[in-house]
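Undergrad: Contents of final-v8.tsv (TSV, C-alpha atoms and all ligand atoms) are below:
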chain	number	residue	atom	x	y	z
E	1	MET	CA	0.00	0.00	0.00
E	2	ARG	CA	1.69	3.20	-1.22
E	3	ARG	CA	0.57	6.41	0.42
E	4	THR	CA	1.04	10.09	-0.33
E	5	LEU	CA	2.08	11.90	2.81
E	6	SER	CA	1.90	15.35	4.23
E	7	ILE	CA	4.34	15.44	7.14
E	8	LEU	CA	3.66	18.17	9.68
E	9	GLY	CA	6.88	18.60	11.66
E	10	SER	CA	9.30	16.92	9.24
E	11	SER	CA	12.50	18.09	10.98
E	12	GLY	CA	11.67	16.48	14.34
E	13	SER	CA	12.50	12.95	15.41
E	14	ILE	CA	9.19	11.43	14.20
E	15	GLY	CA	9.22	13.51	11.00
E	16	ARG	CA	12.71	12.34	10.05
E	17	GLN	CA	11.89	8.72	10.81
E	18	THR	CA	8.70	9.03	8.72
E	19	LEU	CA	10.87	10.13	5.80
E	20	ASP	CA	13.10	7.07	6.43
E	21	VAL	CA	10.03	4.87	6.17
E	22	ALA	CA	8.83	6.74	3.07
E	23	ALA	CA	12.21	6.27	1.36
E	24	ALA	CA	12.39	2.57	2.31
E	25	CYS	CA	8.79	1.71	1.41
E	26	GLY	CA	8.19	3.98	-1.58
E	27	HIS	CA	5.58	6.36	-0.12
E	28	GLU	CA	5.28	9.72	-1.88
E	29	VAL	CA	5.77	12.96	0.06
E	30	ALA	CA	3.44	15.79	-0.97
E	31	ALA	CA	4.20	18.29	1.79
E	32	ILE	CA	6.68	18.89	4.59
E	33	THR	CA	6.56	21.52	7.32
E	34	VAL	CA	9.15	22.81	9.80
E	35	ASN	CA	9.26	25.70	12.25
E	36	HIS	CA	12.75	27.17	11.64
E	37	SER	CA	14.96	24.34	10.40
E	38	VAL	CA	15.69	25.70	6.94
E	39	PRO	CA	18.80	23.68	5.97
E	40	MET	CA	17.06	20.42	6.90
E	41	ALA	CA	13.86	21.44	5.09
E	42	GLU	CA	15.91	22.24	1.97
E	43	GLU	CA	17.67	18.88	2.09
E	44	GLN	CA	14.37	17.01	2.61
E	45	ALA	CA	12.67	18.99	-0.17
E	46	ARG	CA	15.47	18.21	-2.63
E	47	GLN	CA	15.39	14.52	-1.77
E	48	PHE	CA	11.61	13.97	-1.66
E	49	ARG	CA	10.40	16.66	-4.09
E	50	PRO	CA	7.16	17.57	-2.29
E	51	LYS	CA	4.69	19.92	-3.92
E	52	LEU	CA	4.68	22.15	-0.84
E	53	ALA	CA	7.29	23.04	1.80
E	54	VAL	CA	6.27	25.17	4.79
E	55	ALA	CA	8.37	27.01	7.34
E	56	VAL	CA	6.07	28.37	10.03
E	57	ASP	CA	8.51	31.17	10.87
E	58	GLU	CA	8.23	33.99	8.27
E	59	ALA	CA	11.95	34.73	8.02
E	60	ALA	CA	12.76	31.03	7.72
E	61	ALA	CA	10.19	30.69	4.92
E	62	ALA	CA	11.75	33.62	3.05
E	63	ASP	CA	15.16	31.94	3.33
E	64	LEU	CA	13.74	28.57	2.22
E	65	ARG	CA	12.03	30.20	-0.78
E	66	VAL	CA	15.37	31.59	-1.95
E	67	ARG	CA	17.13	28.26	-1.46
E	68	LEU	CA	14.47	26.37	-3.43
E	69	ARG	CA	14.02	28.91	-6.22
E	70	ASP	CA	15.54	26.54	-8.82
E	71	THR	CA	12.76	24.00	-8.07
E	72	ASN	CA	9.00	24.18	-8.62
E	73	ILE	CA	8.31	23.51	-4.92
E	74	LYS	CA	5.84	25.98	-3.44
E	75	VAL	CA	7.01	27.54	-0.15
E	76	LEU	CA	4.53	28.94	2.37
E	77	SER	CA	4.76	30.28	5.91
E	78	GLY	CA	2.73	30.68	9.08
E	79	ARG	CA	-0.49	29.12	10.24
E	80	GLU	CA	-1.95	29.36	6.72
E	81	GLY	CA	0.92	27.30	5.36
E	82	LEU	CA	0.43	24.63	8.03
E	83	LEU	CA	-3.31	24.45	7.35
E	84	GLU	CA	-2.70	24.18	3.61
E	85	ALA	CA	-0.23	21.33	4.17
E	86	ALA	CA	-2.78	19.61	6.44
E	87	SER	CA	-5.49	19.69	3.77
E	88	LEU	CA	-3.44	19.38	0.56
E	89	PRO	CA	-5.59	17.51	-2.01
E	90	GLU	CA	-2.62	15.41	-3.23
E	91	ALA	CA	-2.00	13.87	0.20
E	92	ASP	CA	-4.12	10.96	1.46
E	93	THR	CA	-2.34	10.73	4.83
E	94	VAL	CA	-1.27	13.47	7.23
E	95	VAL	CA	1.44	12.61	9.74
E	96	THR	CA	0.95	14.98	12.68
E	97	ALA	CA	4.42	15.12	14.19
E	98	ILE	CA	4.24	18.69	15.52
E	99	VAL	CA	5.05	18.95	19.23
E	100	GLY	CA	2.42	20.35	21.56
E	101	VAL	CA	-0.98	21.99	21.28
E	102	ALA	CA	0.24	23.74	18.11
E	103	GLY	CA	-0.76	20.50	16.37
E	104	LEU	CA	-4.43	20.83	17.28
E	105	GLU	CA	-5.69	23.17	14.53
E	106	PRO	CA	-3.82	21.45	11.66
E	107	THR	CA	-5.08	18.07	12.91
E	108	LEU	CA	-8.66	19.35	12.78
E	109	ALA	CA	-8.03	20.73	9.27
E	110	ALA	CA	-6.73	17.32	8.13
E	111	ILE	CA	-9.77	15.61	9.66
E	112	ASP	CA	-12.09	18.05	7.87
E	113	ALA	CA	-10.32	17.22	4.61
E	114	GLY	CA	-11.02	13.52	5.25
E	115	LYS	CA	-7.35	12.47	5.47
E	116	ARG	CA	-6.02	9.47	7.32
E	117	ILE	CA	-4.32	10.92	10.39
E	118	ALA	CA	-1.12	9.16	11.45
E	119	LEU	CA	-1.31	10.72	14.89
E	120	ALA	CA	2.05	11.47	16.49
E	121	ASN	CA	0.86	14.53	18.41
E	122	LYS	CA	-0.54	13.25	21.70
E	123	GLU	CA	-1.11	16.77	23.06
E	124	THR	CA	-3.97	17.19	20.57
E	125	LEU	CA	-5.91	14.32	22.13
E	126	VAL	CA	-4.95	15.33	25.66
E	127	CYS	CA	-6.35	18.85	25.21
E	128	ALA	CA	-9.27	18.25	22.90
E	129	GLY	CA	-9.65	14.50	22.55
E	130	GLU	CA	-13.42	14.31	22.76
E	131	LEU	CA	-13.84	17.06	20.18
E	132	VAL	CA	-11.19	15.62	17.83
E	133	MET	CA	-12.53	12.04	17.98
E	134	ALA	CA	-16.13	13.22	17.46
E	135	ARG	CA	-15.07	15.30	14.45
E	136	ALA	CA	-13.13	12.36	12.97
E	137	GLU	CA	-16.14	10.10	13.34
E	138	GLU	CA	-18.41	12.70	11.76
E	139	ARG	CA	-16.08	13.19	8.77
E	140	GLY	CA	-15.11	9.54	8.43
E	141	ALA	CA	-11.41	10.36	8.93
E	142	GLU	CA	-9.27	7.45	10.19
E	143	ILE	CA	-7.05	8.17	13.16
E	144	VAL	CA	-4.21	5.68	13.48
E	145	PRO	CA	-1.83	6.24	16.41
E	146	VAL	CA	1.94	6.50	15.95
E	147	ASP	CA	2.76	6.63	19.68
E	148	SER	CA	4.38	3.21	20.27
E	149	GLU	CA	2.10	2.26	23.21
E	150	HIS	CA	-1.08	3.26	21.40
E	151	SER	CA	0.05	1.56	18.22
E	152	ALA	CA	0.65	-1.60	20.28
E	153	ILE	CA	-2.89	-1.41	21.68
E	154	PHE	CA	-4.28	-0.65	18.21
E	155	GLN	CA	-2.47	-3.73	16.87
E	156	CYS	CA	-3.74	-5.91	19.74
E	157	LEU	CA	-7.30	-4.75	19.05
E	158	GLN	CA	-7.20	-5.88	15.40
E	159	GLY	CA	-9.63	-8.75	15.14
E	160	CYS	CA	-11.52	-7.75	18.29
E	161	ARG	CA	-15.06	-7.51	16.94
E	162	ASN	CA	-16.72	-6.42	20.16
E	163	ARG	CA	-15.03	-3.73	22.25
E	164	GLY	CA	-17.18	-4.84	25.18
E	165	GLU	CA	-14.84	-7.85	25.42
E	166	VAL	CA	-11.93	-5.62	26.45
E	167	ARG	CA	-11.35	-5.74	30.20
E	168	ARG	CA	-8.52	-3.23	30.26
E	169	LEU	CA	-5.70	-1.59	28.39
E	170	ILE	CA	-2.23	-2.01	29.89
E	171	LEU	CA	0.17	0.82	29.05
E	172	THR	CA	3.84	0.05	29.57
E	173	ALA	CA	6.28	2.73	30.72
E	174	SER	CA	10.06	2.54	30.67
E	175	GLY	CA	10.17	4.60	33.88
E	176	GLY	CA	12.67	7.01	32.30
E	177	PRO	CA	16.21	7.79	33.44
E	178	PHE	CA	15.24	8.43	37.09
E	179	TYR	CA	13.25	5.32	37.89
E	180	GLY	CA	13.56	4.40	41.58
E	181	LYS	CA	14.91	7.79	42.66
E	182	SER	CA	13.54	9.61	45.71
E	183	CYS	CA	12.08	13.16	45.70
E	184	GLU	CA	15.30	14.36	47.30
E	185	GLU	CA	17.39	12.84	44.53
E	186	LEU	CA	15.01	14.22	41.89
E	187	SER	CA	15.47	17.74	43.28
E	188	LEU	CA	19.15	17.58	42.25
E	189	VAL	CA	18.57	16.38	38.69
E	190	ARG	CA	20.19	18.42	35.91
E	191	LYS	CA	18.98	18.97	32.36
E	192	GLU	CA	21.75	16.88	30.78
E	193	GLN	CA	20.73	13.87	32.90
E	194	ALA	CA	17.04	14.35	32.11
E	195	LEU	CA	17.80	14.45	28.39
E	196	LYS	CA	19.37	10.96	28.48
E	197	HIS	CA	16.60	8.43	27.95
E	198	PRO	CA	17.69	4.82	28.61
E	199	ASN	CA	15.87	3.19	25.66
E	200	TRP	CA	14.44	5.68	23.15
E	201	ALA	CA	16.04	8.48	21.09
E	202	MET	CA	13.40	11.23	20.93
E	203	GLY	CA	12.94	15.00	20.79
E	204	ALA	CA	13.78	17.17	23.84
E	205	LYS	CA	10.21	17.85	25.01
E	206	ILE	CA	9.09	14.22	25.09
E	207	THR	CA	12.39	13.14	26.63
E	208	ILE	CA	11.83	15.49	29.58
E	209	ASP	CA	8.20	14.30	29.77
E	210	SER	CA	9.53	10.75	29.94
E	211	ALA	CA	11.87	11.71	32.79
E	212	THR	CA	9.04	13.29	34.84
E	213	LEU	CA	6.60	10.49	33.80
E	214	MET	CA	4.26	13.23	32.52
E	215	ASN	CA	4.60	11.45	29.17
E	216	LYS	CA	2.88	8.38	30.61
E	217	GLY	CA	0.18	10.57	32.14
E	218	LEU	CA	-0.44	12.23	28.77
E	219	GLU	CA	-0.49	8.80	27.15
E	220	PHE	CA	-3.04	7.59	29.71
E	221	ILE	CA	-5.35	10.45	28.66
E	222	GLU	CA	-4.52	9.83	24.98
E	223	ALA	CA	-5.56	6.16	25.38
E	224	MET	CA	-8.84	7.15	27.09
E	225	ARG	CA	-9.71	9.39	24.14
E	226	LEU	CA	-8.50	7.13	21.32
E	227	TYR	CA	-10.22	4.02	22.62
E	228	ALA	CA	-13.14	5.65	24.47
E	229	VAL	CA	-12.41	3.83	27.73
E	230	PRO	CA	-12.86	5.16	31.27
E	231	PRO	CA	-9.76	5.71	33.45
E	232	ASP	CA	-10.45	2.66	35.62
E	233	LYS	CA	-9.98	0.43	32.57
E	234	ILE	CA	-6.39	1.51	31.97
E	235	GLN	CA	-3.42	0.26	33.96
E	236	ILE	CA	0.12	1.60	33.79
E	237	VAL	CA	2.99	-0.80	34.44
E	238	ILE	CA	6.67	0.04	34.53
E	239	HIS	CA	8.53	-2.15	32.06
E	240	ARG	CA	12.16	-1.07	32.07
E	241	GLU	CA	13.17	-3.03	28.98
E	242	SER	CA	10.80	-1.26	26.49
E	243	ILE	CA	10.25	-4.51	24.61
E	244	VAL	CA	6.53	-5.06	25.30
E	245	HIS	CA	5.07	-1.83	23.91
E	246	SER	CA	1.63	-2.26	25.54
E	247	LEU	CA	-1.07	-4.88	26.02
E	248	VAL	CA	-4.81	-5.51	26.02
E	249	GLU	CA	-6.53	-7.77	28.54
E	250	PHE	CA	-9.80	-9.36	27.39
E	251	GLU	CA	-12.81	-10.55	29.37
E	252	ASP	CA	-11.68	-14.17	29.41
E	253	GLY	CA	-8.37	-13.17	30.99
E	254	ALA	CA	-6.29	-13.48	27.81
E	255	ILE	CA	-3.68	-10.76	27.46
E	256	LEU	CA	-2.31	-9.82	24.03
E	257	GLY	CA	0.81	-7.68	23.82
E	258	GLN	CA	2.90	-6.29	20.99
E	259	LEU	CA	6.65	-6.74	21.23
E	260	GLY	CA	9.37	-5.15	19.17
E	261	SER	CA	12.67	-3.32	19.30
E	262	ALA	CA	12.55	0.30	20.50
E	263	ASP	CA	12.32	1.64	16.95
E	264	MET	CA	9.62	4.20	16.15
E	265	ARG	CA	9.78	3.38	12.46
E	266	LEU	CA	7.62	0.31	13.08
E	267	PRO	CA	4.60	2.13	14.59
E	268	ILE	CA	5.06	4.93	12.00
E	269	GLN	CA	5.00	2.40	9.18
E	270	TYR	CA	2.00	0.56	10.61
E	271	ALA	CA	0.03	3.82	10.80
E	272	LEU	CA	0.67	4.21	7.06
E	273	THR	CA	0.06	0.62	5.90
E	274	TRP	CA	-2.76	-0.41	8.29
E	275	PRO	CA	-4.71	-2.67	7.88
E	276	GLU	CA	-1.89	-4.23	5.87
E	277	ARG	CA	1.69	-4.97	6.86
E	278	ALA	CA	4.77	-4.62	4.69
E	279	PRO	CA	8.54	-5.15	4.97
E	280	GLY	CA	10.20	-2.02	6.34
E	281	PRO	CA	13.34	-0.51	7.85
E	282	ALA	CA	12.60	-1.12	11.57
E	283	LYS	CA	15.17	-3.18	13.49
E	284	PRO	CA	13.82	-6.71	14.10
E	285	LEU	CA	13.68	-7.98	17.69
E	286	ASP	CA	15.81	-10.99	18.53
E	287	LEU	CA	14.06	-12.72	21.44
E	288	LEU	CA	17.17	-14.76	22.22
E	289	SER	CA	19.16	-11.63	22.98
E	290	CYS	CA	16.41	-9.94	25.07
E	291	PRO	CA	17.00	-9.31	28.77
E	292	PRO	CA	14.44	-10.82	31.19
E	293	LEU	CA	11.15	-8.89	30.98
E	294	THR	CA	10.12	-7.18	34.23
E	295	PHE	CA	6.92	-5.37	35.28
E	296	GLN	CA	6.50	-3.09	38.28
E	297	ARG	CA	4.05	-0.65	39.81
E	298	PRO	CA	4.55	3.07	39.00
E	299	ASP	CA	5.03	5.63	41.80
E	300	PRO	CA	2.76	8.64	41.12
E	301	ASP	CA	3.62	10.22	44.49
E	302	THR	CA	7.33	10.59	43.76
E	303	PHE	CA	6.70	11.24	40.07
E	304	ARG	CA	4.09	13.88	40.81
E	305	CYS	CA	3.49	14.75	37.14
E	306	LEU	CA	2.03	11.28	36.66
E	307	GLY	CA	-0.19	11.71	39.72
E	308	LEU	CA	-1.44	15.09	38.45
E	309	ALA	CA	-2.18	13.69	35.00
E	310	LEU	CA	-4.16	10.80	36.49
E	311	GLU	CA	-6.21	13.28	38.57
E	312	CYS	CA	-6.93	15.33	35.42
E	313	ALA	CA	-7.84	12.16	33.50
E	314	ARG	CA	-10.58	11.56	36.08
E	315	ARG	CA	-11.60	15.23	36.28
E	316	GLY	CA	-11.87	15.76	32.48
E	317	GLY	CA	-13.17	19.02	30.94
E	318	THR	CA	-10.52	21.69	30.47
E	319	SER	CA	-8.33	20.23	33.23
E	320	THR	CA	-6.33	18.18	30.70
E	321	ALA	CA	-5.72	21.29	28.56
E	322	ILE	CA	-4.51	23.18	31.65
E	323	LEU	CA	-2.27	20.24	32.58
E	324	ASN	CA	-0.79	20.10	29.09
E	325	GLY	CA	-0.37	23.86	28.60
E	326	ALA	CA	1.29	24.33	31.99
E	327	ASN	CA	3.55	21.34	31.34
E	328	GLU	CA	4.62	22.58	27.89
E	329	ALA	CA	5.50	25.97	29.39
E	330	ALA	CA	7.31	24.45	32.39
E	331	VAL	CA	9.32	22.00	30.26
E	332	GLY	CA	10.30	24.92	28.00
E	333	LEU	CA	11.59	26.83	31.05
E	334	PHE	CA	13.45	23.76	32.30
E	335	LEU	CA	15.14	23.35	28.91
E	336	GLU	CA	16.18	27.01	29.13
E	337	ASP	CA	17.72	26.34	32.57
E	338	LYS	CA	15.26	28.75	34.21
E	339	ILE	CA	13.68	26.27	36.64
E	340	GLY	CA	14.62	23.02	38.37
E	341	PHE	CA	13.34	19.53	37.64
E	342	LEU	CA	10.85	19.43	40.51
E	343	ASP	CA	9.57	22.90	39.59
E	344	ILE	CA	7.86	21.24	36.61
E	345	PRO	CA	5.21	19.38	38.70
E	346	ARG	CA	5.07	22.28	41.18
E	347	LEU	CA	4.19	24.82	38.45
E	348	VAL	CA	1.74	22.45	36.75
E	349	GLU	CA	-0.04	21.86	40.04
E	350	ALA	CA	-0.18	25.61	40.75
E	351	ALA	CA	-1.73	26.24	37.32
E	352	LEU	CA	-4.32	23.54	37.95
E	353	ASN	CA	-5.20	25.05	41.33
E	354	ARG	CA	-5.44	28.55	39.93
E	355	ALA	CA	-8.47	28.18	37.65
E	356	PRO	CA	-11.43	25.81	37.93
E	357	ALA	CA	-11.81	23.38	35.04
E	358	LEU	CA	-14.85	23.80	32.76
E	359	ASP	CA	-16.94	20.82	31.69
E	360	SER	CA	-17.68	19.91	28.04
E	361	PRO	CA	-15.53	22.73	26.62
E	362	GLY	CA	-15.61	23.93	23.01
E	363	LEU	CA	-12.45	24.63	21.03
E	364	ASP	CA	-12.28	28.29	22.14
E	365	GLU	CA	-12.51	27.35	25.82
E	366	ILE	CA	-9.83	24.71	25.37
E	367	LEU	CA	-7.45	27.15	23.66
E	368	GLU	CA	-8.15	29.75	26.36
E	369	ALA	CA	-7.47	27.23	29.14
E	370	ASP	CA	-4.19	26.37	27.42
E	371	ARG	CA	-3.19	30.03	27.08
E	372	ALA	CA	-4.07	30.90	30.68
E	373	ALA	CA	-2.16	27.88	31.99
E	374	ARG	CA	1.01	28.90	30.12
E	375	GLU	CA	0.63	32.46	31.32
E	376	ALA	CA	0.27	31.27	34.93
E	377	VAL	CA	3.53	29.33	34.62
E	378	TYR	CA	5.46	32.23	33.03
E	379	GLN	CA	4.15	34.69	35.63
E	380	SER	CA	5.29	32.58	38.52
E	381	VAL	CA	8.92	32.71	37.39
E	382	ARG	CA	9.01	36.37	36.37
E	401	MG	MG	4.89	6.66	23.79
Is it possible to give me this structure as structure tokens?
Ligand code: MG

TA:
Amino acid sequence: MRRTLSILGSSGSIGRQTLDVAAACGHEVAAITVNHSVPMAEEQARQFRPKLAVAVDEAAAADLRVRLRDTNIKVLSGREGLLEAASLPEADTVVTAIVGVAGLEPTLAAIDAGKRIALANKETLVCAGELVMARAEERGAEIVPVDSEHSAIFQCLQGCRNRGEVRRLILTASGGPFYGKSCEELSLVRKEQALKHPNWAMGAKITIDSATLMNKGLEFIEAMRLYAVPPDKIQIVIHRESIVHSLVEFEDGAILGQLGSADMRLPIQYALTWPERAPGPAKPLDLLSCPPLTFQRPDPDTFRCLGLALECARRGGTSTAILNGANEAAVGLFLEDKIGFLDIPRLVEAALNRAPALDSPGLDEILEADRAAREAVYQSVR
């Protein structure tokens, strides 16, 4: 199955690995988008010859336009460029690999255009999952997850004809670089340590989220939205080896899991080829060289970000948008060396306590909750 892709966020870790898969499996690339990364966008455009290349930043787009003037590739900028890439008629599949709530509007545009969404932007579902899933259903747009855990669950659910047979979803978590550490030890953590994930090579934001375990909290909410299950039907287990990517337990007690090497190209490829499978570039897993597989209980008291996310998962409404907005802002400050590691959960909690969550929010209320949460975090460090 050959697809024609529009890749939103092509210079990030998922974007680059999507291009790897496209090159290996012969998918066409109709559009790429970056924020500022002009040299990489030029290189990708020359290799994959998309119809459209977008740099969100105006100055970057002007630079890219000059660099690509000997080609017939259209170069656009800003929000308009992103939305055009998301709804480009030539593309049948939109890979949403933009980090953060910035991915929400383009995802909705791609849904409205009836594209398959290869969803790599979990923040979209965390902030506005009910709205996004309802819109996809209404427009008949397929949403296939790229997140490795959600892809694993998606794969385990193939062939399940009655969702009522699912007893629970089991999300695995590596535990990140600080698994087993105490609050006191966490208070001394430096950025360089937090950026070293034991198993996965990923972008900076998600790597920090993995260190705080916020990533698993966001994934818990993402799973609730994707699979329309209540929080008490999802269990998180720490699985240090990152070999079992997640599991589904059925009514009869059978548990199906998906195993593989820690290589995102497999879930990316599956999101493109589903319901088919095809040979691809992902590293195969050799069971005979695997370490013993272990499973442990997470600690949401020490890893407070996880605890906060689980509370918001139960609370619902705009609380998940506040959680996500405050976290994005706090992680940004941590990456700029402006706050400490444990300030991330502290600032997220303060933002959650500051404004009451609204029930059944519309898009405007969600975006406002996100904005106010970021503002609350920035104010507290000014
Ligand atoms: Mg994941």

Undergrad: Could you tell me how far CA of Val126 in chain E lies from CA of Ile268 in chain E, in Å and to one decimal?

TA: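 Between these atoms lies a distance of 19.9 Å.
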
Undergrad: Tell me which protein, DNA and RNA residues are within 8 Å of Arg190 in chain E, counting all atoms listed in the file, leaving out same-chain ones fewer than 2 positions away, and put them as a PyMOL selection string.

TA: chain E and resi 188+192-194+340-341

Undergrad: Selected residues, C-alpha atoms, written as a PDB file, in the coordinates of the input, please.

TA:
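Full text of result-v1.pdb as output:
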ATOM      1  CA  LEU E 188      19.150  17.580  42.250  1.00  0.00           C
ATOM      2  CA  GLU E 192      21.750  16.880  30.780  1.00  0.00           C
ATOM      3  CA  GLN E 193      20.730  13.870  32.900  1.00  0.00           C
ATOM      4  CA  ALA E 194      17.040  14.350  32.110  1.00  0.00           C
ATOM      5  CA  GLY E 340      14.620  23.020  38.370  1.00  0.00           C
ATOM      6  CA  PHE E 341      13.340  19.530  37.640  1.00  0.00           C
TER       7      PHE E 341
END

Undergrad: Which neighbours of Arg135 in chain E fall inside 8 Å, counting all atoms listed in the file, when residues of the same chain fewer than 3 positions from it are skipped, and could you give them as a PyMOL selection string?

TA: chain E and resi 108+111-112+131-132+138-139

Undergrad: For the residues selected in the previous step, produce a file with C-alpha atoms as a PDB file, in the frame of the given file.

TA:
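Wrote it out as again.pdb, contents follow:
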ATOM      1  CA  LEU E 108      -8.660  19.350  12.780  1.00  0.00           C
ATOM      2  CA  ILE E 111      -9.770  15.610   9.660  1.00  0.00           C
ATOM      3  CA  ASP E 112     -12.090  18.050   7.870  1.00  0.00           C
ATOM      4  CA  LEU E 131     -13.840  17.060  20.180  1.00  0.00           C
ATOM      5  CA  VAL E 132     -11.190  15.620  17.830  1.00  0.00           C
ATOM      6  CA  GLU E 138     -18.410  12.700  11.760  1.00  0.00           C
ATOM      7  CA  ARG E 139     -16.080  13.190   8.770  1.00  0.00           C
TER       8      ARG E 139
END

Undergrad: With 10 Å as the threshold, what does the neighbourhood of (14.0, 10.4, -4.6) contain in terms of residues, counting only C-alpha atoms? Coordinates are those of the file; answer as a PyMOL selection string.

TA: chain E and resi 22-23+26+28-29+44-49

Undergrad: Write a file of the just-selected residues containing C-alpha atoms, as a PDB file, in the coordinates of the input.

TA:
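The resulting selection-v1.pdb:
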ATOM      1  CA  ALA E  22       8.830   6.740   3.070  1.00  0.00           C
ATOM      2  CA  ALA E  23      12.210   6.270   1.360  1.00  0.00           C
ATOM      3  CA  GLY E  26       8.190   3.980  -1.580  1.00  0.00           C
ATOM      4  CA  GLU E  28       5.280   9.720  -1.880  1.00  0.00           C
ATOM      5  CA  VAL E  29       5.770  12.960   0.060  1.00  0.00           C
ATOM      6  CA  GLN E  44      14.370  17.010   2.610  1.00  0.00           C
ATOM      7  CA  ALA E  45      12.670  18.990  -0.170  1.00  0.00           C
ATOM      8  CA  ARG E  46      15.470  18.210  -2.630  1.00  0.00           C
ATOM      9  CA  GLN E  47      15.390  14.520  -1.770  1.00  0.00           C
ATOM     10  CA  PHE E  48      11.610  13.970  -1.660  1.00  0.00           C
ATOM     11  CA  ARG E  49      10.400  16.660  -4.090  1.00  0.00           C
TER      12      ARG E  49
END

Undergrad: Taking 4 positions as the minimum chain separation for residues in the same chain, which residues sit within 9 Å of range 227-234 of chain E when counting only C-alpha atoms? Answer as JSON, numbers by chain.

TA: {"E": [130, 154, 166, 167, 168, 169, 170, 171, 220, 221, 222, 223, 310, 313, 314]}

Undergrad: Would you compute the distance between CA of Glu123 in chain E and CA of Gly100 in chain E? Give it in Å to one decimal.

TA: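 Straight-line distance from CA of Glu123 in chain E to CA of Gly100 in chain E works out to 5.2 Å.
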
Undergrad: List every protein, DNA or RNA residue that has an atom no more than 6 Å from (2.5, 21.4, 11.3) in the file's coordinate frame, counting only C-alpha atoms, and report them as a list in words.

TA: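 Those residues lying close to the given coordinates are Leu8, Gly9, Thr33, Leu82 and Ile98 of chain E.
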
Undergrad: Let me see if you get this right: every residue at most 7 Å from ligand MG 401 (chain E), counting only C-alpha atoms and all ligand atoms, written as a ChimeraX atom specification.

TA: /E:147-149,219

Undergrad: One decimal, Å: what's the distance from CA of Arg265 in chain E over to CA of Gly129 in chain E, could you say?

TA: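 Interatomic distance, CA of Arg265 in chain E to CA of Gly129 in chain E: 24.6 Å.
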
Undergrad: Between E:Cys25, E:Ser261, E:Val54, E:Phe334, which residue has the minimum interatomic distance to Ser11 in chain E, considering only C-alpha atoms?

TA: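 Ranking E:Cys25, E:Ser261, E:Val54, E:Phe334 by distance to Ser11 in chain E, first place goes to E:Val54.
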
Undergrad: With all atoms listed in the file as the basis for distance, which of E:Asp263, E:Asp299, E:Asp63, E:Asp286 is at the shortest distance from Gly175 in chain E?

TA: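 Of all the options, E:Asp299 lies closest to Gly175 in chain E.
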
Undergrad: Name the closest residue to Asn324 in chain E among the candidates E:Leu157, E:Met202, E:Ala369, E:Leu358; distances are taken between atoms, counting only C-alpha atoms.

TA: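 Looking at the shortest contact to Asn324 in chain E, the residue is E:Ala369.
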
Undergrad: Please identify all polymer residues within 8 Å of Ser210 in chain E, counting all atoms listed in the file, omitting same-chain residues fewer than 6 positions from it, and present them as a VMD selection string.

TA: chain E and resid 175 to 176 197 216

Undergrad: Any idea what's packed within 6 Å of His36 in chain E, counting all atoms listed in the file, ignoring anything in its chain fewer than 2 positions away? Could you give it as number ranges by chain?

TA: E: 34, 38, 57, 60

Undergrad: Choose the residue, out of E:Ser289, E:Asn162, E:Gln296, E:Thr273, that has the smallest atom-to-atom separation from Ser174 in chain E; count all atoms listed in the file.

TA: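 Of the candidates, the smallest distance to Ser174 in chain E is held by E:Gln296.
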
Undergrad: Pick from E:Val189, E:Pro298, E:Pro281, E:Lys205: nearest to Asp343 in chain E, with only C-alpha atoms counted?

TA: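 Closest to Asp343 in chain E of all the choices is E:Val189.
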
Undergrad: For a quick check of understanding, using all atoms listed in the file, which of E:Asn72, E:Gln269, E:Ser242, E:Ser360 has the smallest distance to Trp200 in chain E?

TA: E:Ser242
